[in-house]
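This report concerns only the one structure given below.
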Amino acid sequence: MAHLPSRRRLALAVPVVLSLTASLGFLPAGATAAPLAETTAEQAADAPNLAYVVNTTTDRRTIESVKKAVATAGGTVVASYDKIGVIVAHSANPDFGKQLRQVRGVQSAGATRTAPLTAAGTTDQGAAEFLTDAQAARTAAAAAPDAEPLEADQWDLRAIGADKAAKINPGSSKVTVAVIDTGVDDTHPDLAPNFSKSQSANCVGGVADTSEGAWRPYTTDDYHGTHVAGEIAAARNGIGVAGVAPGVKVSGIKVSDPDNGLFYPESVVCAFVFAADHGVEITNNSYYVDPWLYNCMDDPDQRAIVDAVNRAQLYAQRKGTLHLASAGNSNHDLDADAIVDDSSPDDSTPVERTIDPHECYDVPTQLPGIVTVSATGVQNLKSYYSSYGRGVVDVAAPGGDRLYQIPDTPSKNGRILSTMPNGQYAFLQGTSMASPHAAGVAALLKSKHPWANGAALQAMLKAQADNPGCPESYDQNGDGTQDAVCEGGTRVNGFYGFGIVNALRAVK
């Protein structure tokens, strides 16, 4: 899973937002007074063949006209996000997208899927390794007097000074990080003290369900979001592990499809808008939007996906929200001239294609203003799987490395230990684990600087990071061949962006 932002990216979000939206031509017009999300009586019960996003201006009359056109073309409106001009629709008409693109006022329209098959879109690497009772006992025996029972295995906290930062400022309960993911088990004893139900929902299908427990994972196999949440804000309560920002709130916005685990665009649109409208300061996005690993702007369906999700995340940015996202686990140079994508679409039969990462976008991680995070291990070296790229990666954070960077901890496990459903704990690695570490540091910055908007937080996150510079050699397996090439200097480079985030510096 890779992440391919544009070739050049400035330090602050605003100029980049303007440049990308201008070039794509879909910066939404001014907001109307219409309700943000209107649902119809006809939901997805009949399971029409495909879901679509239809993007228009935000003029009320235009939106109503387009809704009528949706019905005329054989579609059903599932949700209408009037403030950003995005309509989610279902239709069995194979020409629905083509017909809607001809409608006056429609700026882009396209299918958000190709066919229902199984796949996964998160950016963890490999299966979870659950902590055994024997490991837990050994780790607890090694715990410092003022530490959490399992903290001796959390090399990642010490790597960014989060253990020391917690003694100065554990973060404010007025700051919430929303985990847009597979759901969060808020009954976990390490998550329950800091969980915000009022900022949580199930957004699958494009409509927010805020009923009790709707945000929880479907099964214990949907553990990804719970692990991520613990890395951010597991409480320092004498139980289990600690998060990077153990005093802040965490919420869960579930976007994974119950049938195949995919993260479809309409669900992610709903999540960004919901987060913005419910006062979320920071979102963590450890996934890519399915079914396309890269969305190419010369394809009308893929262009519509980029358009819709970008409108939603920009809407949240305008309300002050900062988004962080994982860089991907392909060990790709994300500033390369060409990359082979043999995994898309991942909901039907993939077709190998060579894409230009400067014209085909990974969503949401490539969208303007979103902080791209690469992964490191205990030696502060890029993890073997982590994608990278000069001018692409913004910051780095601990994501784990089970092969080449083994810590001197009780379990000697180079991956990241965190919370799992049903009160359990497990080790995982991936850029999925790096992004929440950076989100936790951003939450500490927001706690110390409550006035700061998303762009200011991003600037501080970069300014306070520690950049180890490019290594002299990156031959991890010792075969005499460089496994990746780092370009840049000690201020900014392709492996670490502006550097590895620093929790202690954030609170001082």
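Numbering starts fresh at 1 for the residues of each chain in the structure tokens, the chains themselves are lettered A, B, ... in the order given, and ligands are numbered from 1 as they appear.
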
If you count only C-alpha atoms, which residues fall within 8 Å of Ala304 of chain A, apart from same-chain ones fewer than 3 positions away, as a list in words?
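So the residues in contact are Val53, Val54, Asn55, Ser108, Ala109, Gly110, Ala111, Pro300, Asp301, Asp307 and Ala308 of chain A.
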
Counting only C-alpha atoms, give me one row per residue of segment 229-333 of chain A with an atom at most 6 Å from an atom of segment 381-385 of chain A, showing the shortest contact pair and its distance in Å to one decimal, sorted by chain then residue number, as JSON lines.
```
{"residue": "A:Asn329", "atom": "CA", "partner": "A:Tyr385", "partner_atom": "CA", "distance": 4.9}
{"residue": "A:Ser330", "atom": "CA", "partner": "A:Tyr385", "partner_atom": "CA", "distance": 5.8}
{"residue": "A:Asn331", "atom": "CA", "partner": "A:Tyr385", "partner_atom": "CA", "distance": 4.8}
```

Dump C-alpha atoms for the selected residues as a CSV table (one decimal), in the first residue's frame?
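Output below, filename again_28.csv:
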```csv
chain,number,residue,atom,x,y,z
A,329,ASN,CA,4.2,-0.1,3.2
A,330,SER,CA,5.5,-0.7,-0.3
A,331,ASN,CA,9.1,0.7,0.3
```

I want to know what sits within 12 Å of Asp475 of chain A, based on only C-alpha atoms, with residues of the same chain fewer than 3 positions away left out; could you give that as a PDB file with N, CA and C atoms, in the first residue's frame?
```pdb
ATOM      1  N   LEU A 381      15.709   4.586  12.359  1.00  0.00           N
ATOM      2  CA  LEU A 381      15.997   4.366  10.944  1.00  0.00           C
ATOM      3  C   LEU A 381      14.687   4.002  10.250  1.00  0.00           C
ATOM      4  N   LYS A 382      14.540   4.408   9.007  1.00  0.00           N
ATOM      5  CA  LYS A 382      13.334   4.069   8.261  1.00  0.00           C
ATOM      6  C   LYS A 382      13.060   2.565   8.324  1.00  0.00           C
ATOM      7  N   SER A 383      11.828   2.195   8.627  1.00  0.00           N
ATOM      8  CA  SER A 383      11.445   0.792   8.647  1.00  0.00           C
ATOM      9  C   SER A 383      11.556   0.204   7.245  1.00  0.00           C
ATOM     10  N   TYR A 384      11.909  -1.072   7.176  1.00  0.00           N
ATOM     11  CA  TYR A 384      12.222  -1.693   5.876  1.00  0.00           C
ATOM     12  C   TYR A 384      11.061  -1.627   4.884  1.00  0.00           C
ATOM     13  N   TYR A 404      14.944  -5.791  11.310  1.00  0.00           N
ATOM     14  CA  TYR A 404      16.286  -5.216  11.400  1.00  0.00           C
ATOM     15  C   TYR A 404      16.505  -4.289  12.586  1.00  0.00           C
ATOM     16  N   PRO A 471      20.882   8.153   5.987  1.00  0.00           N
ATOM     17  CA  PRO A 471      21.951   7.233   6.390  1.00  0.00           C
ATOM     18  C   PRO A 471      22.979   7.080   5.277  1.00  0.00           C
ATOM     19  N   GLU A 472      24.226   6.792   5.666  1.00  0.00           N
ATOM     20  CA  GLU A 472      25.262   6.587   4.657  1.00  0.00           C
ATOM     21  C   GLU A 472      24.955   5.383   3.784  1.00  0.00           C
ATOM     22  N   GLY A 478      21.985  -6.729   3.903  1.00  0.00           N
ATOM     23  CA  GLY A 478      23.401  -7.019   3.748  1.00  0.00           C
ATOM     24  C   GLY A 478      23.784  -7.734   2.472  1.00  0.00           C
ATOM     25  N   ASP A 479      22.984  -7.564   1.413  1.00  0.00           N
ATOM     26  CA  ASP A 479      23.312  -8.241   0.156  1.00  0.00           C
ATOM     27  C   ASP A 479      24.138  -7.374  -0.786  1.00  0.00           C
ATOM     28  N   GLY A 480      24.570  -6.207  -0.301  1.00  0.00           N
ATOM     29  CA  GLY A 480      25.388  -5.330  -1.125  1.00  0.00           C
ATOM     30  C   GLY A 480      24.608  -4.372  -1.988  1.00  0.00           C
ATOM     31  N   THR A 481      23.274  -4.434  -1.935  1.00  0.00           N
ATOM     32  CA  THR A 481      22.415  -3.555  -2.737  1.00  0.00           C
ATOM     33  C   THR A 481      21.639  -2.623  -1.817  1.00  0.00           C
ATOM     34  N   GLN A 482      21.579  -1.361  -2.193  1.00  0.00           N
ATOM     35  CA  GLN A 482      20.810  -0.408  -1.410  1.00  0.00           C
ATOM     36  C   GLN A 482      19.316  -0.731  -1.536  1.00  0.00           C
ATOM     37  N   ASP A 483      18.649  -0.894  -0.396  1.00  0.00           N
ATOM     38  CA  ASP A 483      17.230  -1.247  -0.405  1.00  0.00           C
ATOM     39  C   ASP A 483      16.333  -0.030  -0.623  1.00  0.00           C
ATOM     40  N   ALA A 484      16.874   1.151  -0.453  1.00  0.00           N
ATOM     41  CA  ALA A 484      16.168   2.400  -0.726  1.00  0.00           C
ATOM     42  C   ALA A 484      17.209   3.505  -0.751  1.00  0.00           C
ATOM     43  N   VAL A 485      16.909   4.568  -1.491  1.00  0.00           N
ATOM     44  CA  VAL A 485      17.844   5.686  -1.608  1.00  0.00           C
ATOM     45  C   VAL A 485      17.196   6.931  -1.015  1.00  0.00           C
ATOM     46  N   CYS A 486      17.855   7.466  -0.006  1.00  0.00           N
ATOM     47  CA  CYS A 486      17.362   8.668   0.665  1.00  0.00           C
ATOM     48  C   CYS A 486      17.974   9.900   0.010  1.00  0.00           C
TER      49      CYS A 486
END
```

Enumerate the residues of segment 334-416 of chain A with a DSSP assignment of strand (DSSP E), computed from the backbone, and present them as number ranges by chain.
A: 339-341, 353-355, 360-361, 371-376, 395-398, 416

If you keep all heavy atoms, can you produce a file of those selected residues as a short mmCIF file (atom, residue, chain, number, x, y, z; two decimals), in the first residue's frame?
```cif
data_model
loop_
_atom_site.label_atom_id
_atom_site.label_comp_id
_atom_site.auth_asym_id
_atom_site.auth_seq_id
_atom_site.Cartn_x
_atom_site.Cartn_y
_atom_site.Cartn_z
N ILE A 339 5.37 4.22 -11.17
CA ILE A 339 5.19 3.12 -10.22
C ILE A 339 4.21 2.13 -10.82
O ILE A 339 3.20 2.52 -11.43
CB ILE A 339 4.67 3.63 -8.87
CG1 ILE A 339 5.78 4.39 -8.13
CG2 ILE A 339 4.15 2.49 -8.00
CD1 ILE A 339 5.36 4.94 -6.79
N VAL A 340 4.49 0.85 -10.67
CA VAL A 340 3.59 -0.19 -11.15
C VAL A 340 2.57 -0.49 -10.06
O VAL A 340 2.92 -0.81 -8.93
CB VAL A 340 4.37 -1.47 -11.51
CG1 VAL A 340 3.40 -2.59 -11.89
CG2 VAL A 340 5.34 -1.20 -12.64
N ASP A 341 1.30 -0.36 -10.42
CA ASP A 341 0.19 -0.69 -9.52
C ASP A 341 -0.47 -1.96 -10.06
O ASP A 341 -1.11 -1.94 -11.11
CB ASP A 341 -0.81 0.46 -9.47
CG ASP A 341 -2.08 0.11 -8.69
OD1 ASP A 341 -2.03 -0.85 -7.90
OD2 ASP A 341 -3.10 0.80 -8.89
N ARG A 353 -1.03 -1.78 -14.08
CA ARG A 353 -0.90 -0.52 -14.81
C ARG A 353 0.29 0.24 -14.24
O ARG A 353 0.63 0.09 -13.06
CB ARG A 353 -2.18 0.32 -14.68
CG ARG A 353 -2.55 0.64 -13.24
CD ARG A 353 -3.82 1.48 -13.13
NE ARG A 353 -4.09 1.80 -11.73
CZ ARG A 353 -4.88 2.78 -11.34
NH1 ARG A 353 -5.50 3.55 -12.23
NH2 ARG A 353 -5.08 3.01 -10.05
N THR A 354 0.92 1.04 -15.07
CA THR A 354 2.01 1.90 -14.64
C THR A 354 1.47 3.31 -14.52
O THR A 354 0.92 3.85 -15.48
CB THR A 354 3.18 1.85 -15.62
OG1 THR A 354 3.66 0.51 -15.70
CG2 THR A 354 4.31 2.75 -15.16
N ILE A 355 1.62 3.88 -13.34
CA ILE A 355 1.04 5.20 -13.10
C ILE A 355 2.14 6.23 -12.79
O ILE A 355 3.23 5.88 -12.33
CB ILE A 355 0.01 5.16 -11.96
CG1 ILE A 355 0.65 4.73 -10.62
CG2 ILE A 355 -1.14 4.23 -12.29
CD1 ILE A 355 1.08 5.83 -9.72
N CYS A 360 -1.63 10.60 -10.58
CA CYS A 360 -2.55 9.62 -10.02
C CYS A 360 -2.37 9.61 -8.51
O CYS A 360 -1.27 9.33 -8.03
CB CYS A 360 -2.28 8.23 -10.60
SG CYS A 360 -2.47 8.13 -12.40
N TYR A 361 -3.43 9.90 -7.77
CA TYR A 361 -3.31 10.24 -6.36
C TYR A 361 -3.80 9.14 -5.43
O TYR A 361 -4.85 8.54 -5.65
CB TYR A 361 -4.10 11.52 -6.06
CG TYR A 361 -3.69 12.68 -6.93
CD1 TYR A 361 -4.58 13.25 -7.84
CD2 TYR A 361 -2.40 13.19 -6.87
CE1 TYR A 361 -4.20 14.31 -8.64
CE2 TYR A 361 -2.01 14.25 -7.67
CZ TYR A 361 -2.92 14.81 -8.56
OH TYR A 361 -2.54 15.84 -9.35
N VAL A 371 -0.97 15.59 6.56
CA VAL A 371 0.39 15.26 6.97
C VAL A 371 0.69 13.80 6.65
O VAL A 371 0.02 12.90 7.14
CB VAL A 371 0.58 15.51 8.48
CG1 VAL A 371 1.99 15.11 8.91
CG2 VAL A 371 0.32 16.98 8.81
N THR A 372 1.71 13.56 5.84
CA THR A 372 2.11 12.22 5.43
C THR A 372 3.21 11.71 6.36
O THR A 372 4.22 12.39 6.56
CB THR A 372 2.63 12.25 3.99
OG1 THR A 372 1.64 12.81 3.14
CG2 THR A 372 2.97 10.86 3.51
N VAL A 373 3.02 10.50 6.91
CA VAL A 373 3.91 9.99 7.96
C VAL A 373 4.55 8.68 7.52
O VAL A 373 3.86 7.71 7.19
CB VAL A 373 3.15 9.77 9.28
CG1 VAL A 373 4.13 9.41 10.39
CG2 VAL A 373 2.33 11.00 9.65
N SER A 374 5.89 8.64 7.52
CA SER A 374 6.63 7.41 7.26
C SER A 374 6.95 6.74 8.59
O SER A 374 6.79 7.33 9.66
CB SER A 374 7.91 7.69 6.47
OG SER A 374 8.79 8.49 7.24
N ALA A 375 7.43 5.48 8.53
CA ALA A 375 7.64 4.69 9.74
C ALA A 375 9.11 4.48 10.05
O ALA A 375 9.94 4.32 9.15
CB ALA A 375 6.95 3.33 9.61
N THR A 376 9.43 4.45 11.36
CA THR A 376 10.79 4.18 11.83
C THR A 376 10.77 3.05 12.86
O THR A 376 9.71 2.70 13.40
CB THR A 376 11.41 5.43 12.47
OG1 THR A 376 10.57 5.86 13.55
CG2 THR A 376 11.58 6.54 11.46
N VAL A 395 6.64 14.01 7.95
CA VAL A 395 7.34 13.65 9.18
C VAL A 395 7.40 12.14 9.28
O VAL A 395 6.73 11.42 8.53
CB VAL A 395 6.64 14.22 10.44
CG1 VAL A 395 6.72 15.74 10.48
CG2 VAL A 395 5.21 13.74 10.54
N ALA A 396 8.20 11.66 10.22
CA ALA A 396 8.29 10.23 10.49
C ALA A 396 7.92 9.97 11.95
O ALA A 396 7.94 10.89 12.77
CB ALA A 396 9.70 9.72 10.21
N ALA A 397 7.59 8.71 12.27
CA ALA A 397 7.24 8.34 13.63
C ALA A 397 7.40 6.83 13.79
O ALA A 397 7.42 6.10 12.79
CB ALA A 397 5.80 8.76 13.95
N PRO A 398 7.51 6.35 15.02
CA PRO A 398 7.67 4.90 15.22
C PRO A 398 6.51 4.10 14.65
O PRO A 398 5.34 4.34 14.98
CB PRO A 398 7.73 4.78 16.75
CG PRO A 398 8.24 6.10 17.22
CD PRO A 398 7.62 7.10 16.28
N ILE A 416 4.97 -2.52 17.42
CA ILE A 416 4.31 -1.59 18.34
C ILE A 416 3.25 -2.32 19.16
O ILE A 416 2.34 -2.95 18.60
CB ILE A 416 3.65 -0.43 17.58
CG1 ILE A 416 4.67 0.27 16.66
CG2 ILE A 416 3.03 0.56 18.55
CD1 ILE A 416 5.83 0.91 17.36
#
```

For segment 257-323 of chain A against segment 441-461 of chain A, with a cut-off of 10 Å and counting only C-alpha atoms, what is the closest atom pair and its distance in Å to one decimal for every residue that makes the cut, ordered by chain and number, as a Markdown table?
```
| residue | atom | partner | partner_atom | distance |
| --- | --- | --- | --- | --- |
| A:Glu281 | CA | A:Gly454 | CA | 7.9 |
| A:Ile282 | CA | A:Ala443 | CA | 7.1 |
| A:Thr283 | CA | A:Ala443 | CA | 9.9 |
| A:Ala316 | CA | A:Gly454 | CA | 9.5 |
| A:Gln317 | CA | A:Gly454 | CA | 6.6 |
| A:Arg318 | CA | A:Gly454 | CA | 8.6 |
| A:Lys319 | CA | A:Asn453 | CA | 8.3 |
| A:Gly320 | CA | A:Asn453 | CA | 4.7 |
| A:Thr321 | CA | A:Gly454 | CA | 5.2 |
| A:Leu322 | CA | A:Gly454 | CA | 4.3 |
| A:His323 | CA | A:Gly454 | CA | 7.8 |
```

Which residue gives the smallest distance to Ile370 of chain A among A:Ile406, A:Asp347, A:Ala201, A:Leu324, with only C-alpha atoms counted?
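Under the stated criterion, the closest residue is A:Leu324.
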
May I have all residues of segment 309-363 of chain A that DSSP, computed from the backbone, assigns to alpha helix (DSSP H), given as number ranges by chain?
A: 309-318

Store the residues picked out above in a file with all heavy atoms, as a PDB file, in the first residue's frame.
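Dumped everything to again27.pdb:
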```
ATOM      1  N   VAL A 309     -13.739  13.252  -1.916  1.00  0.00           N
ATOM      2  CA  VAL A 309     -13.017  13.133  -0.643  1.00  0.00           C
ATOM      3  C   VAL A 309     -12.252  14.417  -0.342  1.00  0.00           C
ATOM      4  O   VAL A 309     -12.173  14.856   0.809  1.00  0.00           O
ATOM      5  CB  VAL A 309     -12.073  11.911  -0.663  1.00  0.00           C
ATOM      6  CG1 VAL A 309     -11.295  11.819   0.645  1.00  0.00           C
ATOM      7  CG2 VAL A 309     -12.868  10.624  -0.885  1.00  0.00           C
ATOM      8  N   ASN A 310     -11.709  15.049  -1.377  1.00  0.00           N
ATOM      9  CA  ASN A 310     -10.970  16.288  -1.150  1.00  0.00           C
ATOM     10  C   ASN A 310     -11.886  17.393  -0.635  1.00  0.00           C
ATOM     11  O   ASN A 310     -11.514  18.165   0.257  1.00  0.00           O
ATOM     12  CB  ASN A 310     -10.275  16.739  -2.432  1.00  0.00           C
ATOM     13  CG  ASN A 310      -9.272  17.846  -2.184  1.00  0.00           C
ATOM     14  OD1 ASN A 310      -8.397  17.731  -1.332  1.00  0.00           O
ATOM     15  ND2 ASN A 310      -9.410  18.944  -2.916  1.00  0.00           N
ATOM     16  N   ARG A 311     -13.094  17.490  -1.186  1.00  0.00           N
ATOM     17  CA  ARG A 311     -14.033  18.493  -0.693  1.00  0.00           C
ATOM     18  C   ARG A 311     -14.308  18.285   0.796  1.00  0.00           C
ATOM     19  O   ARG A 311     -14.363  19.240   1.577  1.00  0.00           O
ATOM     20  CB  ARG A 311     -15.343  18.401  -1.469  1.00  0.00           C
ATOM     21  CG  ARG A 311     -15.269  18.863  -2.910  1.00  0.00           C
ATOM     22  CD  ARG A 311     -16.588  18.600  -3.612  1.00  0.00           C
ATOM     23  NE  ARG A 311     -16.532  18.966  -5.030  1.00  0.00           N
ATOM     24  CZ  ARG A 311     -17.455  19.695  -5.655  1.00  0.00           C
ATOM     25  NH1 ARG A 311     -18.491  20.152  -4.971  1.00  0.00           N
ATOM     26  NH2 ARG A 311     -17.333  19.968  -6.932  1.00  0.00           N
ATOM     27  N   ALA A 312     -14.478  17.020   1.187  1.00  0.00           N
ATOM     28  CA  ALA A 312     -14.811  16.731   2.579  1.00  0.00           C
ATOM     29  C   ALA A 312     -13.648  17.051   3.514  1.00  0.00           C
ATOM     30  O   ALA A 312     -13.838  17.658   4.582  1.00  0.00           O
ATOM     31  CB  ALA A 312     -15.215  15.260   2.718  1.00  0.00           C
ATOM     32  N   GLN A 313     -12.430  16.656   3.125  1.00  0.00           N
ATOM     33  CA  GLN A 313     -11.298  16.913   4.025  1.00  0.00           C
ATOM     34  C   GLN A 313     -10.946  18.398   4.062  1.00  0.00           C
ATOM     35  O   GLN A 313     -10.520  18.909   5.100  1.00  0.00           O
ATOM     36  CB  GLN A 313     -10.097  16.031   3.651  1.00  0.00           C
ATOM     37  CG  GLN A 313      -9.362  16.389   2.382  1.00  0.00           C
ATOM     38  CD  GLN A 313      -8.200  17.352   2.625  1.00  0.00           C
ATOM     39  OE1 GLN A 313      -7.824  17.594   3.772  1.00  0.00           O
ATOM     40  NE2 GLN A 313      -7.634  17.885   1.545  1.00  0.00           N
ATOM     41  N   LEU A 314     -11.148  19.110   2.957  1.00  0.00           N
ATOM     42  CA  LEU A 314     -10.919  20.558   2.968  1.00  0.00           C
ATOM     43  C   LEU A 314     -11.955  21.266   3.843  1.00  0.00           C
ATOM     44  O   LEU A 314     -11.639  22.248   4.519  1.00  0.00           O
ATOM     45  CB  LEU A 314     -10.971  21.116   1.543  1.00  0.00           C
ATOM     46  CG  LEU A 314      -9.777  20.838   0.636  1.00  0.00           C
ATOM     47  CD1 LEU A 314     -10.034  21.396  -0.758  1.00  0.00           C
ATOM     48  CD2 LEU A 314      -8.498  21.412   1.209  1.00  0.00           C
ATOM     49  N   TYR A 315     -13.179  20.779   3.807  1.00  0.00           N
ATOM     50  CA  TYR A 315     -14.228  21.323   4.673  1.00  0.00           C
ATOM     51  C   TYR A 315     -13.789  21.234   6.142  1.00  0.00           C
ATOM     52  O   TYR A 315     -13.918  22.188   6.909  1.00  0.00           O
ATOM     53  CB  TYR A 315     -15.528  20.561   4.440  1.00  0.00           C
ATOM     54  CG  TYR A 315     -16.643  20.896   5.398  1.00  0.00           C
ATOM     55  CD1 TYR A 315     -17.383  22.069   5.261  1.00  0.00           C
ATOM     56  CD2 TYR A 315     -16.980  20.039   6.444  1.00  0.00           C
ATOM     57  CE1 TYR A 315     -18.414  22.386   6.133  1.00  0.00           C
ATOM     58  CE2 TYR A 315     -18.001  20.339   7.322  1.00  0.00           C
ATOM     59  CZ  TYR A 315     -18.720  21.511   7.166  1.00  0.00           C
ATOM     60  OH  TYR A 315     -19.739  21.822   8.042  1.00  0.00           O
ATOM     61  N   ALA A 316     -13.223  20.078   6.509  1.00  0.00           N
ATOM     62  CA  ALA A 316     -12.744  19.913   7.878  1.00  0.00           C
ATOM     63  C   ALA A 316     -11.557  20.824   8.152  1.00  0.00           C
ATOM     64  O   ALA A 316     -11.455  21.409   9.244  1.00  0.00           O
ATOM     65  CB  ALA A 316     -12.365  18.453   8.123  1.00  0.00           C
ATOM     66  N   GLN A 317     -10.655  20.951   7.192  1.00  0.00           N
ATOM     67  CA  GLN A 317      -9.513  21.857   7.383  1.00  0.00           C
ATOM     68  C   GLN A 317      -9.971  23.279   7.617  1.00  0.00           C
ATOM     69  O   GLN A 317      -9.415  23.998   8.462  1.00  0.00           O
ATOM     70  CB  GLN A 317      -8.585  21.808   6.166  1.00  0.00           C
ATOM     71  CG  GLN A 317      -7.685  20.593   6.101  1.00  0.00           C
ATOM     72  CD  GLN A 317      -6.605  20.766   5.056  1.00  0.00           C
ATOM     73  OE1 GLN A 317      -5.925  21.790   5.010  1.00  0.00           O
ATOM     74  NE2 GLN A 317      -6.438  19.770   4.204  1.00  0.00           N
ATOM     75  N   ARG A 318     -10.980  23.714   6.880  1.00  0.00           N
ATOM     76  CA  ARG A 318     -11.467  25.079   7.043  1.00  0.00           C
ATOM     77  C   ARG A 318     -12.063  25.295   8.431  1.00  0.00           C
ATOM     78  O   ARG A 318     -12.156  26.422   8.899  1.00  0.00           O
ATOM     79  CB  ARG A 318     -12.491  25.410   5.956  1.00  0.00           C
ATOM     80  CG  ARG A 318     -11.878  25.575   4.583  1.00  0.00           C
ATOM     81  CD  ARG A 318     -12.860  26.228   3.613  1.00  0.00           C
ATOM     82  NE  ARG A 318     -14.007  25.373   3.343  1.00  0.00           N
ATOM     83  CZ  ARG A 318     -14.058  24.459   2.384  1.00  0.00           C
ATOM     84  NH1 ARG A 318     -12.999  24.258   1.601  1.00  0.00           N
ATOM     85  NH2 ARG A 318     -15.147  23.752   2.178  1.00  0.00           N
TER      86      ARG A 318
END
```

Taking only C-alpha atoms into account, which of A:Leu50, A:Ala242, A:Ala214, A:Leu100 comes nearest Lys164 of chain A?
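Checking each candidate against Lys164 of chain A, we get A:Ala242 as the closest.
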
For a quick check of understanding, using only C-alpha atoms, which of A:Val244, A:Asp356, A:Pro189, A:Ala271 has the smallest distance to Tyr81 of chain A?
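Among the listed residues, the smallest separation from Tyr81 of chain A belongs to A:Ala271.
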
When you look at Gly469 of chain A with a cut-off of 10 Å (counting only C-alpha atoms), what residues show up, excluding the ones that are within fewer than 3 positions of it in the same chain? I need them as a list in words.
Leu381, Asp466, Glu472, Cys486, Glu487, Gly488, Gly489, Thr490, Arg491, Val492, Asn493, Gly494, Phe495, Tyr496, Gly497, Phe498 and Gly499 of chain A

Would you mind reading off the distance between atom CA of Gln429 of chain A and atom CA of Leu367 of chain A, one decimal, in Å?
24.1 Å

Best match for closeness to Pro291 of chain A among A:Gly399, A:Pro170, A:Gly247, A:Pro345, counting only C-alpha atoms
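Once distances to Pro291 of chain A are computed over only C-alpha atoms, the minimum belongs to A:Pro345.
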
Go through A:Val88, A:Ala141, A:Val177, A:Ile232 and flag the residue nearest Ser411 of chain A, using only C-alpha atoms for the distances.
A:Ala141

Can you work out which one of A:Asn422, A:Thr210, A:Asn295, A:Thr409 has the shortest atom-to-atom distance to Val363 of chain A, counting only C-alpha atoms?
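Among the listed residues, the smallest separation from Val363 of chain A belongs to A:Asn295.
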
Give me, as a PyMOL selection string, all polymer residues having an atom no more than 9 Å from segment 66-70 of chain A, counting only C-alpha atoms and skipping those fewer than 6 positions away in the same chain.
chain A and resi 54+56+76-77+80+87+89+91+96+99-100+103-106

Residues near Asp156 of chain A, anyone? I mean within 10 Å using only C-alpha atoms, not counting same-chain ones fewer than 4 positions away, as a list in words.
Glu151, Ile160, Gly161, Ala162, Asp163, Glu231, Val244, Thr376, Gly377, Val378, Asn380, Ala397, Pro398, Gly399, Gly400, Pro407, Gly414, Arg415, Ile416, Leu417, Ala434 and His437 of chain A

For C-alpha atoms, I'd like the residues from the last selection saved as a short mmCIF file (atom, residue, chain, number, x, y, z; two decimals), in the first residue's frame.
```cif
data_model
loop_
_atom_site.label_atom_id
_atom_site.label_comp_id
_atom_site.auth_asym_id
_atom_site.auth_seq_id
_atom_site.Cartn_x
_atom_site.Cartn_y
_atom_site.Cartn_z
CA GLU A 151 5.23 0.06 29.21
CA ILE A 160 9.95 10.15 20.90
CA GLY A 161 10.11 11.20 24.57
CA ALA A 162 6.41 10.51 25.18
CA ASP A 163 7.09 8.87 28.54
CA GLU A 231 -1.28 4.30 20.43
CA VAL A 244 1.46 9.13 23.27
CA THR A 376 10.79 4.18 11.83
CA GLY A 377 12.14 1.49 14.17
CA VAL A 378 13.93 1.57 17.49
CA ASN A 380 15.42 5.82 14.41
CA ALA A 397 7.24 8.34 13.63
CA PRO A 398 7.67 4.90 15.22
CA GLY A 399 5.87 2.25 13.20
CA GLY A 400 7.99 -0.75 14.12
CA PRO A 407 14.77 -3.36 20.89
CA GLY A 414 10.44 -4.53 17.23
CA ARG A 415 6.79 -3.86 16.52
CA ILE A 416 4.31 -1.59 18.34
CA LEU A 417 2.38 -2.85 21.37
CA ALA A 434 3.43 5.55 12.62
CA HIS A 437 2.18 8.43 16.97
#
```
